[in-house]
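Asker: This is the structure, below, for whatever I ask next.
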Amino acid sequence: MKQKLSAFLLVVANILLPLAILTFGSGFFPYKPFLPGLAEYRDVEIERAPEAPFDRLVFMVVDALRSDFVYSHASGFEFTQRLISTGAAIPFTAHATSPTITMPRIKALTTGSIPSFLDVILNFAESDTTATLAHQDTWLAQMQAKKGGRLVMYGDDTWLKLFPTTFTRADGTSSFFVSDFSEVDNNVTRHVPDELENNDWNAMIMHYLGLDHIGHKTGPRSPHMFPKQREMDNIVQQIYEKLESDTHLQSTLFILCGDHGMNDAGNHGGSSSGETSAALVFISPKFKQISNGVPCPCKTDEEFQFYNVVEQSDLAPTLAGLLGFPVPRNNLGVFISDFLPLWEDKDKLQLVLGNARQILNIVKATFANSPFEGSAAAENCDLATSSVNELACRWARATGHLNERVGGVSGNYGQKIARLTEVFQSNSAPGKT
Ligand SMILES: *[C@@H]1O[C@H](CO)[C@@H](O)[C@H](O)[C@H]1NC(C)=O
């Protein structure tokens with residue numbers, strides 16, 4: 001009798017074990033729909049793409065550039081701070097989701113999606129080509145698809161692994177030698193003057209590793225840190241001055257950002273606020289039209305949360321608007337509203353609406369029998385039985401407002417945009433869905 005019982009329990013345990021693994025797996029590696037192909041404006045029924053203020057992009061990543069490294073009083077980024085306080089640069093803290101290591105962060109910055117822990121595994125299996133983004137919709141693919149689109153890349157060779165066929169010219173540096181603080185960066189900087197003269201690319205990516213290496217070896221308060229920040233700031237100055245003086249660069253958007261931050265010990269990978277708070281600065285003399293500048297350097301009450309905090313994934317749809325291409329298909333980010341004043345009201349609505357419909361396409365792919373078509377708005381969306389139904393309810397309310405006849409009064413566009421923004425903010429924030 002006793003033997004029978006233990007045999008039975010053994011069987012039960014063996015059934016429960018795989019079930020437990022499955023349950024864990026489905027939570028830890030959630031199902032994400034993947035929409036193949038490049039986005040087009042007609043996917044989101046945009047009649048006329050709003051005209052873009054920029055046509056070229058300089059994208060400068062400084063590995064592990066934590067927000068305070070640029071914005072605090074102890075920062076070596078003096079020139080950048082001057083740009084921020086005069087309005088030529090618009091600063092943000094970009095929230096990097098865990099895992100805070102380079103490859104998944106580049107995925108988030110380029111596709112606008114939110115990579116899972118699966119990407120960590122792929123990050124270490126570096127020879128694995130399934131990790132490549134060559135066939136995904138990213139802002140790189142969109143820039144390349146433009147007429148005469150060419151890209152160049154200097155720095156961390158992770159980009160070359162992710163985009164093996166994208167770049168016309170490239171020089172990768174390896175992140176393997178962590179004790180190297182200068183050669184990895186000099187190998188990037190030596191290409192900059194020549195490339196700034198070249199007129200054949202529409203996106204240049206630079207990825208500096210030195211600051212991250214200093215963090216790993218000697219921590220964020222290392223005596224090497226300040227001079228390295230000064231060095232990076234000098235490169236910002238060099239590029240900005242060319243944007244001001246050269247006509248072939250006058251519609252160039254310049255972005256300075258970190259892929260993630262670092263903790264007090266100079267390491268990263270986890271989810272402490274130091275690791276997840278990266279700097280993100282949009283730079284161009286054109287921004288003086290919409291900004292009078294904000295005080296910089298500055299202090300912050302909350303650890304590392306300087307200025308407006310955005311998600312890293314918000315970069316992809318924002319670049320789409322600023323550079324004039326459709327929002328990448330698998331993007332979950334939201335256009336950063338600080339830039340809306342660059343357009344007139346009708347175009348603002350097109351931008352926000354295009355972003356909303358693009359995310360809606362993902363929601364529809366995720367929830368097969370979604371209630372979106374023709375669903376009626378309830379009085380109180382909070383009473384909806386599931387989060388999808390709640391989203392459908394809010395969407396119906398927002399689009400209901402869009403279809404109201406407004407008689408061409410431009411002020412109403414503002415209202416419409418506000419309704420759409422509300423839908424986004426209550427539902428598409430990562431972690432809530
Ligand atoms: C820097 O460039 C030189 C010349 O191309 C190369 O020999 C060296 O390995 C590079 N260093 C790094 C860290 O990539």
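Just so we're on the same page: first chain in the structure tokens is A, next is B, and so on; residues restart at 1 for each chain, and ligands are numbered from 1 in the order they show up.
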Can you tell me, as an NGL selection string, what residues are no more than 10 Å from Ser179 (chain A) when counting only C-alpha atoms, ignoring any on the same chain fewer than 6 positions away?

Answerer: :A and (210 or 213-214 or 216-218)

Asker: Counting only C-alpha atoms and all ligand atoms, which residues of chain A fall within 10 Å of ligand 1, and what is the closest atom pair for each with its distance in Å at one decimal, ordered by chain and rising number, as JSON lines?

Answerer:
{"residue": "A:Gly155", "atom": "CA", "partner": "ligand 1", "partner_atom_place_in_ligand_line": "14 (O)", "distance": 8.1}
{"residue": "A:Asp156", "atom": "CA", "partner": "ligand 1", "partner_atom_place_in_ligand_line": "14 (O)", "distance": 8.5}
{"residue": "A:Asp157", "atom": "CA", "partner": "ligand 1", "partner_atom_place_in_ligand_line": "14 (O)", "distance": 8.8}
{"residue": "A:Asp171", "atom": "CA", "partner": "ligand 1", "partner_atom_place_in_ligand_line": "5 (O)", "distance": 7.9}
{"residue": "A:Gly172", "atom": "CA", "partner": "ligand 1", "partner_atom_place_in_ligand_line": "14 (O)", "distance": 6.5}
{"residue": "A:Thr173", "atom": "CA", "partner": "ligand 1", "partner_atom_place_in_ligand_line": "14 (O)", "distance": 3.7}
{"residue": "A:Ser174", "atom": "CA", "partner": "ligand 1", "partner_atom_place_in_ligand_line": "14 (O)", "distance": 5.2}
{"residue": "A:Ser175", "atom": "CA", "partner": "ligand 1", "partner_atom_place_in_ligand_line": "13 (C)", "distance": 7.5}
{"residue": "A:Phe176", "atom": "CA", "partner": "ligand 1", "partner_atom_place_in_ligand_line": "13 (C)", "distance": 8.3}
{"residue": "A:Phe177", "atom": "CA", "partner": "ligand 1", "partner_atom_place_in_ligand_line": "13 (C)", "distance": 7.1}
{"residue": "A:Val178", "atom": "CA", "partner": "ligand 1", "partner_atom_place_in_ligand_line": "13 (C)", "distance": 9.5}
{"residue": "A:Asp180", "atom": "CA", "partner": "ligand 1", "partner_atom_place_in_ligand_line": "13 (C)", "distance": 7.2}
{"residue": "A:Phe181", "atom": "CA", "partner": "ligand 1", "partner_atom_place_in_ligand_line": "13 (C)", "distance": 9.2}
{"residue": "A:Ser182", "atom": "CA", "partner": "ligand 1", "partner_atom_place_in_ligand_line": "13 (C)", "distance": 8.4}
{"residue": "A:Glu183", "atom": "CA", "partner": "ligand 1", "partner_atom_place_in_ligand_line": "13 (C)", "distance": 5.4}
{"residue": "A:Val184", "atom": "CA", "partner": "ligand 1", "partner_atom_place_in_ligand_line": "13 (C)", "distance": 4.3}
{"residue": "A:Asp185", "atom": "CA", "partner": "ligand 1", "partner_atom_place_in_ligand_line": "13 (C)", "distance": 8.0}
{"residue": "A:Asn186", "atom": "CA", "partner": "ligand 1", "partner_atom_place_in_ligand_line": "1 (C)", "distance": 7.5}
{"residue": "A:Asn187", "atom": "CA", "partner": "ligand 1", "partner_atom_place_in_ligand_line": "1 (C)", "distance": 4.9}
{"residue": "A:Val188", "atom": "CA", "partner": "ligand 1", "partner_atom_place_in_ligand_line": "1 (C)", "distance": 8.4}
{"residue": "A:Arg190", "atom": "CA", "partner": "ligand 1", "partner_atom_place_in_ligand_line": "2 (O)", "distance": 9.6}
{"residue": "A:Leu209", "atom": "CA", "partner": "ligand 1", "partner_atom_place_in_ligand_line": "13 (C)", "distance": 9.5}
{"residue": "A:Gly210", "atom": "CA", "partner": "ligand 1", "partner_atom_place_in_ligand_line": "13 (C)", "distance": 9.9}

Asker: Counting only C-alpha atoms, figure out which residue out of A:Ala141, A:Leu57, A:Cys298, A:Ala39 gets nearest to Pro326 (chain A).

Answerer: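 Checking each of A:Ala141, A:Leu57, A:Cys298, A:Ala39 against Pro326 (chain A), counting only C-alpha atoms, the winner is A:Ala39.
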
Asker: Using only C-alpha atoms, which residue out of A:Arg82, A:His73, A:Arg56, A:His207 lies closest to Asn292 (chain A)?

Answerer: A:Arg82

Asker: Produce a table with one row for each residue of region 270-388 of chain A that has an atom at most 6 Å from any atom of region 89-97 of chain A, each row naming the nearest atom pair and its distance in Å at one decimal; use only C-alpha atoms; arrange rows by chain and rising residue number; format as a Markdown table.

Answerer:
| residue | atom | partner | partner_atom | distance |
| --- | --- | --- | --- | --- |
| A:Thr276 | CA | A:Ala96 | CA | 4.6 |
| A:Ser277 | CA | A:His95 | CA | 5.1 |
| A:Ala278 | CA | A:Ala94 | CA | 5.1 |
| A:Ala279 | CA | A:Thr93 | CA | 5.0 |
| A:Leu280 | CA | A:Phe92 | CA | 5.1 |
| A:Val281 | CA | A:Pro91 | CA | 4.5 |
| A:Phe282 | CA | A:Ile90 | CA | 5.1 |
| A:Ile283 | CA | A:Ala89 | CA | 4.2 |
| A:Phe306 | CA | A:Thr93 | CA | 5.7 |
| A:Tyr307 | CA | A:Phe92 | CA | 5.5 |
| A:Asn308 | CA | A:Phe92 | CA | 5.2 |
| A:Val309 | CA | A:Thr93 | CA | 4.7 |
| A:Val310 | CA | A:Ala94 | CA | 5.0 |
| A:Glu311 | CA | A:His95 | CA | 4.8 |
| A:Gln312 | CA | A:Ala94 | CA | 5.2 |

Asker: Compile the contact shell of Pro53 (chain A) as a ChimeraX atom specification: residues with an atom at most 8 Å away, counting only C-alpha atoms, same-chain residues fewer than 4 positions apart removed.

Answerer: /A:251,322-324,342

Asker: Using N, CA, C and O atoms, can you write the selected residues to a file as a PDB file, in the first residue's frame?

Answerer:
ATOM      1  N   SER A 251      20.798  70.114 -42.059  1.00  0.00           N
ATOM      2  CA  SER A 251      19.590  69.397 -41.620  1.00  0.00           C
ATOM      3  C   SER A 251      19.966  68.073 -40.982  1.00  0.00           C
ATOM      4  O   SER A 251      19.328  67.044 -41.205  1.00  0.00           O
ATOM      5  N   LEU A 322      11.100  62.741 -36.852  1.00  0.00           N
ATOM      6  CA  LEU A 322      12.094  63.787 -37.090  1.00  0.00           C
ATOM      7  C   LEU A 322      12.808  63.610 -38.424  1.00  0.00           C
ATOM      8  O   LEU A 322      13.236  64.574 -39.046  1.00  0.00           O
ATOM      9  N   LEU A 323      12.986  62.347 -38.862  1.00  0.00           N
ATOM     10  CA  LEU A 323      13.731  62.104 -40.094  1.00  0.00           C
ATOM     11  C   LEU A 323      12.831  61.711 -41.264  1.00  0.00           C
ATOM     12  O   LEU A 323      13.304  61.536 -42.382  1.00  0.00           O
ATOM     13  N   GLY A 324      11.530  61.519 -40.979  1.00  0.00           N
ATOM     14  CA  GLY A 324      10.598  61.272 -42.069  1.00  0.00           C
ATOM     15  C   GLY A 324      10.607  59.863 -42.628  1.00  0.00           C
ATOM     16  O   GLY A 324      10.905  59.642 -43.791  1.00  0.00           O
ATOM     17  N   LEU A 342       7.527  71.277 -33.499  1.00  0.00           N
ATOM     18  CA  LEU A 342       8.210  71.482 -34.776  1.00  0.00           C
ATOM     19  C   LEU A 342       7.230  71.437 -35.950  1.00  0.00           C
ATOM     20  O   LEU A 342       7.564  71.827 -37.057  1.00  0.00           O
TER      21      LEU A 342
END
